[in-house]
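I have placed the structure first, in the form of structure tokens, so that the comments after it can refer back to it.
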Amino acid sequence: MVQLNEGAALVLAPALAGALLQTVGLGAVLLFDFATFLVAMTTLALVRIPRPERDPDTVAPSVRREAREGWRFVRERPGLFGLLWIYAGVNFSLAFTNILLVPLVLSFASEGAAGAVLSVAGFGMLAGSLVTSVWSGPKKKVRATMLTIGAAGLWLVVASLRPSLLLVSVCVFALMAGIPVANAASQVLWQTKVPPAMQGRVFSIRRMIAQGIAPIAMLLSGPLADNVFEPLMAEDGRLANTVGALIGTGTGRGVALMFILAGLMTMALGALGLLAPRVRHLEDELPDYVG
């Protein structure tokens, strides 16, 4: 349901912002954006969030001590530790595609078409979120997560093979539809394998590592596309007669090659999760903490 909300935002927000921009101007758009933050803050202020009793054995005297204990908890459980770094790698590879999706589409289609592809991505997440909300989820969550990750990599590769708007749209829809399935399964694993008294500090470490690596890819994506991959895939580039014979040459084909490499990396991470025994047997080796 959380990702259903995110999918709805991807679909509705660009359309609403575009309509407001044309009718009332940028100032009203920014004011509306500010108002939504006020709504969120007011909601949090009014809702009573229960505070569970703290276990005296897990109370740390300082934030630094709590951070160390969160890291130690994950590090001492190889299955969770491996899952953490697999997700970090996936976030790193997908961050490239998040930044370069619009440039990829603009290399062979219009700005309107690029906006349509983003809407298709939102509809894909909506569809996956709806299915996940009414479905109890896979019994083997690690296997389902890794297969979904592998499928996401495959969709990235297929989307890059030809400069086709239909091909990119179909692949983006399928990729985004799988994300809620993988994320929900992963979230269930973490919430059932980590005791409630440790979840705050463990989830902080988890988010710091899994999400903190994505900005590195965002910073690298533009310079790599402009200075390395686009020149390599130009009509007279070094890879024009090899890789270019498979995916074409010219504007945007360097970005397409980056998509392919990101897809192959994502597929490899999914396969690693299936092949690594401690990750694969995570559900059986660690007890559930559900009270």
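Residue numbering restarts at 1 for every chain of the structure tokens, chains are lettered A, B, ... in their displayed order, and ligands are numbered from 1 as they appear.
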
**Request:** Find the residues near Met267 of chain A: any atom within 10 Å, counting only C-alpha atoms, skip ones fewer than 4 places away on the same chain, and give them as a PyMOL selection string.
**Result:** chain A and resi 90+146-157+261-263+271-272

Using only C-alpha atoms, what does the table of segment 108-209 of chain A residues within 9 Å of segment 98-103 of chain A look like, with each row giving the shortest atom pair and its distance in Å to one decimal, sorted by chain and ascending number, as a tab-separated table?
residue	atom	partner	partner_atom	distance
A:Glu111	CA	A:Val102	CA	8.4
A:Ala114	CA	A:Val102	CA	5.7
A:Gly115	CA	A:Val102	CA	8.1
A:Val117	CA	A:Val102	CA	8.4
A:Leu118	CA	A:Val102	CA	8.2

If you take only C-alpha atoms and a cut-off of 7 Å, which residues of segment 165-219 of chain A touch segment 279-291 of chain A, and what are their nearest atom pairs and distances in Å to one decimal, in chain and number order, as JSON lines?
{"residue": "A:Thr192", "atom": "CA", "partner": "A:Asp288", "partner_atom": "CA", "distance": 5.0}
{"residue": "A:Lys193", "atom": "CA", "partner": "A:Asp288", "partner_atom": "CA", "distance": 4.9}
{"residue": "A:Val194", "atom": "CA", "partner": "A:Tyr289", "partner_atom": "CA", "distance": 6.4}
{"residue": "A:Pro195", "atom": "CA", "partner": "A:Tyr289", "partner_atom": "CA", "distance": 5.3}

**Message:** So that I can check the surroundings of Ser221 of chain A, please list as an MDAnalysis selection string every protein, DNA and RNA residue that reaches within 10 Å of it, counting only C-alpha atoms and ignoring chain neighbours fewer than 5 positions away.
**Reply:** chainID A and resid 95:100 215:216 226 255 258

Write a file of the selected residues as an mmCIF file, in the first residue's frame, keeping N, CA and C atoms.
data_model
loop_
_atom_site.group_PDB
_atom_site.id
_atom_site.type_symbol
_atom_site.label_atom_id
_atom_site.label_comp_id
_atom_site.auth_asym_id
_atom_site.auth_seq_id
_atom_site.Cartn_x
_atom_site.Cartn_y
_atom_site.Cartn_z
ATOM 1 N N ALA A 95 19.871 3.271 -10.228
ATOM 2 C CA ALA A 95 19.987 4.726 -10.172
ATOM 3 C C ALA A 95 20.456 5.283 -11.511
ATOM 4 N N PHE A 96 21.323 4.550 -12.210
ATOM 5 C CA PHE A 96 21.738 4.985 -13.545
ATOM 6 C C PHE A 96 20.540 5.101 -14.475
ATOM 7 N N THR A 97 19.698 4.096 -14.458
ATOM 8 C CA THR A 97 18.560 4.081 -15.377
ATOM 9 C C THR A 97 17.514 5.118 -14.984
ATOM 10 N N ASN A 98 17.356 5.385 -13.685
ATOM 11 C CA ASN A 98 16.410 6.414 -13.266
ATOM 12 C C ASN A 98 16.793 7.778 -13.830
ATOM 13 N N ILE A 99 18.089 8.072 -13.839
ATOM 14 C CA ILE A 99 18.563 9.360 -14.344
ATOM 15 C C ILE A 99 18.521 9.407 -15.872
ATOM 16 N N LEU A 100 18.838 8.298 -16.521
ATOM 17 C CA LEU A 100 19.053 8.309 -17.970
ATOM 18 C C LEU A 100 17.846 7.845 -18.786
ATOM 19 N N PRO A 215 23.223 7.917 -4.793
ATOM 20 C CA PRO A 215 23.713 9.211 -5.286
ATOM 21 C C PRO A 215 25.045 9.131 -6.026
ATOM 22 N N ILE A 216 25.868 8.132 -5.709
ATOM 23 C CA ILE A 216 27.132 7.980 -6.440
ATOM 24 C C ILE A 216 26.844 7.703 -7.903
ATOM 25 N N ASP A 226 28.081 11.242 -21.345
ATOM 26 C CA ASP A 226 28.554 12.261 -22.293
ATOM 27 C C ASP A 226 29.987 12.017 -22.758
ATOM 28 N N VAL A 255 23.848 5.651 -24.118
ATOM 29 C CA VAL A 255 22.971 5.513 -22.955
ATOM 30 C C VAL A 255 22.336 4.126 -22.944
ATOM 31 N N MET A 258 24.672 1.722 -21.491
ATOM 32 C CA MET A 258 24.692 1.836 -20.035
ATOM 33 C C MET A 258 23.505 1.100 -19.430
#

Filtered DSSP result for segment 148-275 of chain A, state alpha helix (DSSP H), as an mmCIF file with C-alpha atoms, in the first residue's frame:
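Saved as part-v2.cif:
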data_model
loop_
_atom_site.group_PDB
_atom_site.id
_atom_site.type_symbol
_atom_site.label_atom_id
_atom_site.label_comp_id
_atom_site.auth_asym_id
_atom_site.auth_seq_id
_atom_site.Cartn_x
_atom_site.Cartn_y
_atom_site.Cartn_z
ATOM 1 C CA THR A 148 12.146 -10.322 -9.483
ATOM 2 C CA ILE A 149 15.514 -8.567 -9.324
ATOM 3 C CA GLY A 150 16.804 -10.776 -12.142
ATOM 4 C CA ALA A 151 13.693 -10.048 -14.209
ATOM 5 C CA ALA A 152 14.191 -6.316 -13.676
ATOM 6 C CA GLY A 153 17.685 -6.594 -15.107
ATOM 7 C CA LEU A 154 16.363 -8.529 -18.086
ATOM 8 C CA TRP A 155 13.772 -5.822 -18.815
ATOM 9 C CA LEU A 156 16.516 -3.199 -18.773
ATOM 10 C CA VAL A 157 18.529 -5.147 -21.320
ATOM 11 C CA VAL A 158 15.549 -5.739 -23.620
ATOM 12 C CA ALA A 159 14.479 -2.080 -23.439
ATOM 13 C CA LEU A 165 9.021 3.725 -27.856
ATOM 14 C CA LEU A 166 6.729 0.697 -27.593
ATOM 15 C CA LEU A 167 9.578 -1.572 -26.493
ATOM 16 C CA VAL A 168 10.792 0.859 -23.837
ATOM 17 C CA SER A 169 7.245 1.428 -22.546
ATOM 18 C CA VAL A 170 6.478 -2.271 -22.202
ATOM 19 C CA CYS A 171 9.770 -2.979 -20.446
ATOM 20 C CA VAL A 172 9.464 -0.009 -18.091
ATOM 21 C CA PHE A 173 5.924 -1.050 -17.172
ATOM 22 C CA ALA A 174 7.041 -4.621 -16.422
ATOM 23 C CA LEU A 175 10.074 -3.466 -14.439
ATOM 24 C CA MET A 176 8.079 -1.066 -12.283
ATOM 25 C CA ALA A 177 5.309 -3.628 -11.732
ATOM 26 C CA GLY A 178 7.863 -5.988 -10.191
ATOM 27 C CA ILE A 179 9.391 -3.456 -7.793
ATOM 28 C CA PRO A 180 6.517 -3.541 -5.237
ATOM 29 C CA VAL A 181 6.685 -7.334 -5.150
ATOM 30 C CA ALA A 182 10.431 -7.367 -4.413
ATOM 31 C CA ASN A 183 10.304 -4.486 -1.947
ATOM 32 C CA ALA A 184 7.334 -5.895 -0.038
ATOM 33 C CA ALA A 185 8.968 -9.310 0.272
ATOM 34 C CA SER A 186 12.214 -7.731 1.444
ATOM 35 C CA GLN A 187 10.425 -5.534 3.978
ATOM 36 C CA VAL A 188 8.596 -8.542 5.415
ATOM 37 C CA LEU A 189 11.895 -10.386 5.770
ATOM 38 C CA TRP A 190 13.512 -7.548 7.684
ATOM 39 C CA GLN A 191 10.513 -6.926 9.918
ATOM 40 C CA THR A 192 10.123 -10.585 10.852
ATOM 41 C CA LYS A 193 13.829 -11.383 11.284
ATOM 42 C CA PRO A 196 11.234 -4.984 17.465
ATOM 43 C CA ALA A 197 13.634 -3.527 20.022
ATOM 44 C CA MET A 198 16.409 -3.481 17.377
ATOM 45 C CA GLN A 199 14.433 -2.450 14.318
ATOM 46 C CA GLY A 200 15.054 1.288 14.576
ATOM 47 C CA ARG A 201 18.838 1.080 14.624
ATOM 48 C CA VAL A 202 19.020 -1.859 12.200
ATOM 49 C CA PHE A 203 16.695 -0.225 9.680
ATOM 50 C CA SER A 204 18.722 2.982 9.905
ATOM 51 C CA ILE A 205 21.884 1.092 8.978
ATOM 52 C CA ARG A 206 19.989 -0.735 6.258
ATOM 53 C CA ARG A 207 18.682 2.458 4.708
ATOM 54 C CA MET A 208 22.003 4.258 4.990
ATOM 55 C CA ILE A 209 23.836 1.555 3.056
ATOM 56 C CA ALA A 210 21.129 0.487 0.601
ATOM 57 C CA GLN A 211 20.037 4.028 -0.297
ATOM 58 C CA GLY A 212 23.234 5.967 0.309
ATOM 59 C CA ALA A 214 22.509 5.556 -5.208
ATOM 60 C CA PRO A 215 23.713 9.211 -5.286
ATOM 61 C CA ILE A 216 27.132 7.980 -6.440
ATOM 62 C CA ALA A 217 25.517 6.506 -9.545
ATOM 63 C CA MET A 218 23.518 9.686 -10.068
ATOM 64 C CA LEU A 219 26.690 11.767 -10.029
ATOM 65 C CA LEU A 220 28.480 9.421 -12.418
ATOM 66 C CA SER A 221 25.664 8.849 -14.908
ATOM 67 C CA GLY A 222 25.862 12.157 -16.787
ATOM 68 C CA PRO A 223 29.652 12.378 -17.181
ATOM 69 C CA LEU A 224 29.895 8.697 -18.139
ATOM 70 C CA GLU A 230 28.125 8.172 -26.220
ATOM 71 C CA PRO A 231 31.510 8.633 -27.963
ATOM 72 C CA LEU A 232 32.072 4.867 -27.921
ATOM 73 C CA GLY A 244 26.898 -1.133 -32.482
ATOM 74 C CA ALA A 245 26.096 -3.975 -34.855
ATOM 75 C CA LEU A 246 23.715 -5.343 -32.197
ATOM 76 C CA ILE A 247 22.042 -2.229 -30.764
ATOM 77 C CA ARG A 253 23.019 4.356 -28.140
ATOM 78 C CA GLY A 254 25.705 5.018 -25.540
ATOM 79 C CA VAL A 255 22.971 5.513 -22.955
ATOM 80 C CA ALA A 256 21.381 2.297 -24.217
ATOM 81 C CA LEU A 257 24.682 0.488 -23.595
ATOM 82 C CA MET A 258 24.692 1.836 -20.035
ATOM 83 C CA PHE A 259 21.178 0.421 -19.618
ATOM 84 C CA ILE A 260 22.402 -2.950 -20.842
ATOM 85 C CA LEU A 261 25.349 -2.960 -18.438
ATOM 86 C CA ALA A 262 23.089 -1.913 -15.547
ATOM 87 C CA GLY A 263 20.665 -4.679 -16.520
ATOM 88 C CA LEU A 264 23.404 -7.299 -16.629
ATOM 89 C CA MET A 265 24.654 -6.159 -13.237
ATOM 90 C CA THR A 266 21.129 -6.380 -11.808
ATOM 91 C CA MET A 267 20.665 -9.869 -13.242
ATOM 92 C CA ALA A 268 23.987 -10.928 -11.736
ATOM 93 C CA LEU A 269 22.932 -9.641 -8.310
ATOM 94 C CA GLY A 270 19.687 -11.604 -8.507
ATOM 95 C CA ALA A 271 21.623 -14.734 -9.432
ATOM 96 C CA LEU A 272 24.089 -14.101 -6.590
ATOM 97 C CA GLY A 273 21.235 -14.000 -4.109
ATOM 98 C CA LEU A 274 19.983 -17.362 -5.339
ATOM 99 C CA LEU A 275 23.437 -18.944 -5.330
#

**Near-Gly250 of chain A list (12 Å; only C-alpha atoms; drop same-chain fewer than 6 positions) as a list in words** = Leu104, Ser107, Phe108, Arg162, Pro163, Phe229, Glu230, Pro231, Leu232, Met233, Ala234, Glu235, Asp236, Gly237, Leu239, Ala240, Val243, Gly244, Ala256 and Leu257 of chain A

Residues just named, written with N, CA, C and O atoms as a PDB file, in the first residue's frame:
ATOM      1  N   LEU A 104      17.367   8.680 -22.749  1.00  0.00           N
ATOM      2  CA  LEU A 104      17.272   7.561 -23.678  1.00  0.00           C
ATOM      3  C   LEU A 104      16.078   7.735 -24.610  1.00  0.00           C
ATOM      4  O   LEU A 104      16.193   7.585 -25.829  1.00  0.00           O
ATOM      5  N   SER A 107      16.327  10.556 -27.192  1.00  0.00           N
ATOM      6  CA  SER A 107      17.259  10.336 -28.306  1.00  0.00           C
ATOM      7  C   SER A 107      16.551   9.861 -29.567  1.00  0.00           C
ATOM      8  O   SER A 107      17.111   9.941 -30.657  1.00  0.00           O
ATOM      9  N   PHE A 108      15.299   9.372 -29.437  1.00  0.00           N
ATOM     10  CA  PHE A 108      14.574   8.925 -30.629  1.00  0.00           C
ATOM     11  C   PHE A 108      13.099   9.323 -30.621  1.00  0.00           C
ATOM     12  O   PHE A 108      12.361   8.971 -31.544  1.00  0.00           O
ATOM     13  N   ARG A 162      16.654  -1.793 -29.042  1.00  0.00           N
ATOM     14  CA  ARG A 162      16.228  -1.025 -30.212  1.00  0.00           C
ATOM     15  C   ARG A 162      15.659   0.322 -29.747  1.00  0.00           C
ATOM     16  O   ARG A 162      15.018   0.389 -28.697  1.00  0.00           O
ATOM     17  N   PRO A 163      15.830   1.383 -30.539  1.00  0.00           N
ATOM     18  CA  PRO A 163      15.223   2.674 -30.195  1.00  0.00           C
ATOM     19  C   PRO A 163      13.731   2.675 -30.521  1.00  0.00           C
ATOM     20  O   PRO A 163      13.282   3.291 -31.498  1.00  0.00           O
ATOM     21  N   PHE A 229      30.444   6.718 -22.925  1.00  0.00           N
ATOM     22  CA  PHE A 229      29.615   5.767 -23.665  1.00  0.00           C
ATOM     23  C   PHE A 229      29.044   6.334 -24.960  1.00  0.00           C
ATOM     24  O   PHE A 229      28.981   5.623 -25.973  1.00  0.00           O
ATOM     25  N   GLU A 230      28.622   7.592 -24.966  1.00  0.00           N
ATOM     26  CA  GLU A 230      28.125   8.172 -26.220  1.00  0.00           C
ATOM     27  C   GLU A 230      29.222   8.237 -27.279  1.00  0.00           C
ATOM     28  O   GLU A 230      28.980   7.851 -28.433  1.00  0.00           O
ATOM     29  N   PRO A 231      30.441   8.683 -26.953  1.00  0.00           N
ATOM     30  CA  PRO A 231      31.510   8.633 -27.963  1.00  0.00           C
ATOM     31  C   PRO A 231      31.827   7.215 -28.431  1.00  0.00           C
ATOM     32  O   PRO A 231      32.114   6.991 -29.613  1.00  0.00           O
ATOM     33  N   LEU A 232      31.795   6.244 -27.526  1.00  0.00           N
ATOM     34  CA  LEU A 232      32.072   4.867 -27.921  1.00  0.00           C
ATOM     35  C   LEU A 232      31.046   4.335 -28.914  1.00  0.00           C
ATOM     36  O   LEU A 232      31.389   3.538 -29.803  1.00  0.00           O
ATOM     37  N   MET A 233      29.797   4.793 -28.777  1.00  0.00           N
ATOM     38  CA  MET A 233      28.720   4.270 -29.617  1.00  0.00           C
ATOM     39  C   MET A 233      28.330   5.224 -30.729  1.00  0.00           C
ATOM     40  O   MET A 233      27.291   5.042 -31.383  1.00  0.00           O
ATOM     41  N   ALA A 234      29.159   6.244 -30.978  1.00  0.00           N
ATOM     42  CA  ALA A 234      28.918   7.103 -32.131  1.00  0.00           C
ATOM     43  C   ALA A 234      29.124   6.298 -33.411  1.00  0.00           C
ATOM     44  O   ALA A 234      29.659   5.181 -33.400  1.00  0.00           O
ATOM     45  N   GLU A 235      28.701   6.860 -34.529  1.00  0.00           N
ATOM     46  CA  GLU A 235      28.792   6.114 -35.795  1.00  0.00           C
ATOM     47  C   GLU A 235      30.226   5.746 -36.147  1.00  0.00           C
ATOM     48  O   GLU A 235      30.461   4.746 -36.823  1.00  0.00           O
ATOM     49  N   ASP A 236      31.192   6.546 -35.694  1.00  0.00           N
ATOM     50  CA  ASP A 236      32.600   6.219 -35.923  1.00  0.00           C
ATOM     51  C   ASP A 236      33.313   5.863 -34.617  1.00  0.00           C
ATOM     52  O   ASP A 236      34.536   5.940 -34.524  1.00  0.00           O
ATOM     53  N   GLY A 237      32.542   5.492 -33.595  1.00  0.00           N
ATOM     54  CA  GLY A 237      33.118   5.168 -32.298  1.00  0.00           C
ATOM     55  C   GLY A 237      33.799   3.815 -32.283  1.00  0.00           C
ATOM     56  O   GLY A 237      33.655   2.993 -33.199  1.00  0.00           O
ATOM     57  N   LEU A 239      33.221   1.206 -30.555  1.00  0.00           N
ATOM     58  CA  LEU A 239      32.351   0.033 -30.447  1.00  0.00           C
ATOM     59  C   LEU A 239      31.295  -0.017 -31.552  1.00  0.00           C
ATOM     60  O   LEU A 239      30.386  -0.842 -31.496  1.00  0.00           O
ATOM     61  N   ALA A 240      31.437   0.841 -32.543  1.00  0.00           N
ATOM     62  CA  ALA A 240      30.413   0.914 -33.598  1.00  0.00           C
ATOM     63  C   ALA A 240      30.301  -0.393 -34.378  1.00  0.00           C
ATOM     64  O   ALA A 240      29.199  -0.805 -34.754  1.00  0.00           O
ATOM     65  N   VAL A 243      29.539  -3.788 -30.669  1.00  0.00           N
ATOM     66  CA  VAL A 243      28.271  -3.619 -29.960  1.00  0.00           C
ATOM     67  C   VAL A 243      27.270  -2.862 -30.828  1.00  0.00           C
ATOM     68  O   VAL A 243      26.065  -3.146 -30.814  1.00  0.00           O
ATOM     69  N   GLY A 244      27.776  -1.911 -31.620  1.00  0.00           N
ATOM     70  CA  GLY A 244      26.898  -1.133 -32.482  1.00  0.00           C
ATOM     71  C   GLY A 244      26.158  -1.979 -33.499  1.00  0.00           C
ATOM     72  O   GLY A 244      25.048  -1.638 -33.910  1.00  0.00           O
ATOM     73  N   ALA A 256      21.954   3.637 -24.126  1.00  0.00           N
ATOM     74  CA  ALA A 256      21.381   2.297 -24.217  1.00  0.00           C
ATOM     75  C   ALA A 256      22.384   1.253 -23.726  1.00  0.00           C
ATOM     76  O   ALA A 256      22.007   0.292 -23.043  1.00  0.00           O
ATOM     77  N   LEU A 257      23.653   1.420 -24.065  1.00  0.00           N
ATOM     78  CA  LEU A 257      24.682   0.488 -23.595  1.00  0.00           C
ATOM     79  C   LEU A 257      24.804   0.546 -22.074  1.00  0.00           C
ATOM     80  O   LEU A 257      24.976  -0.490 -21.417  1.00  0.00           O
TER      81      LEU A 257
END

**Asked** How many Å lie between atom CA of Pro14 of chain A and atom CA of Met1 of chain A, rounded to one decimal?
**Response** 20.5 Å

Wanna dump the segment 2-23 of chain A-segment 30-39 of chain A contacts at 12 Å for me, each residue with its shortest atom pair and the distance in Å to one decimal, counting only C-alpha atoms, ordered by chain and number, as JSON lines?
{"residue": "A:Ala13", "atom": "CA", "partner": "A:Asp33", "partner_atom": "CA", "distance": 10.1}
{"residue": "A:Leu16", "atom": "CA", "partner": "A:Phe32", "partner_atom": "CA", "distance": 10.4}
{"residue": "A:Ala17", "atom": "CA", "partner": "A:Phe32", "partner_atom": "CA", "distance": 9.2}
{"residue": "A:Leu20", "atom": "CA", "partner": "A:Phe32", "partner_atom": "CA", "distance": 9.3}
{"residue": "A:Leu21", "atom": "CA", "partner": "A:Leu30", "partner_atom": "CA", "distance": 9.7}
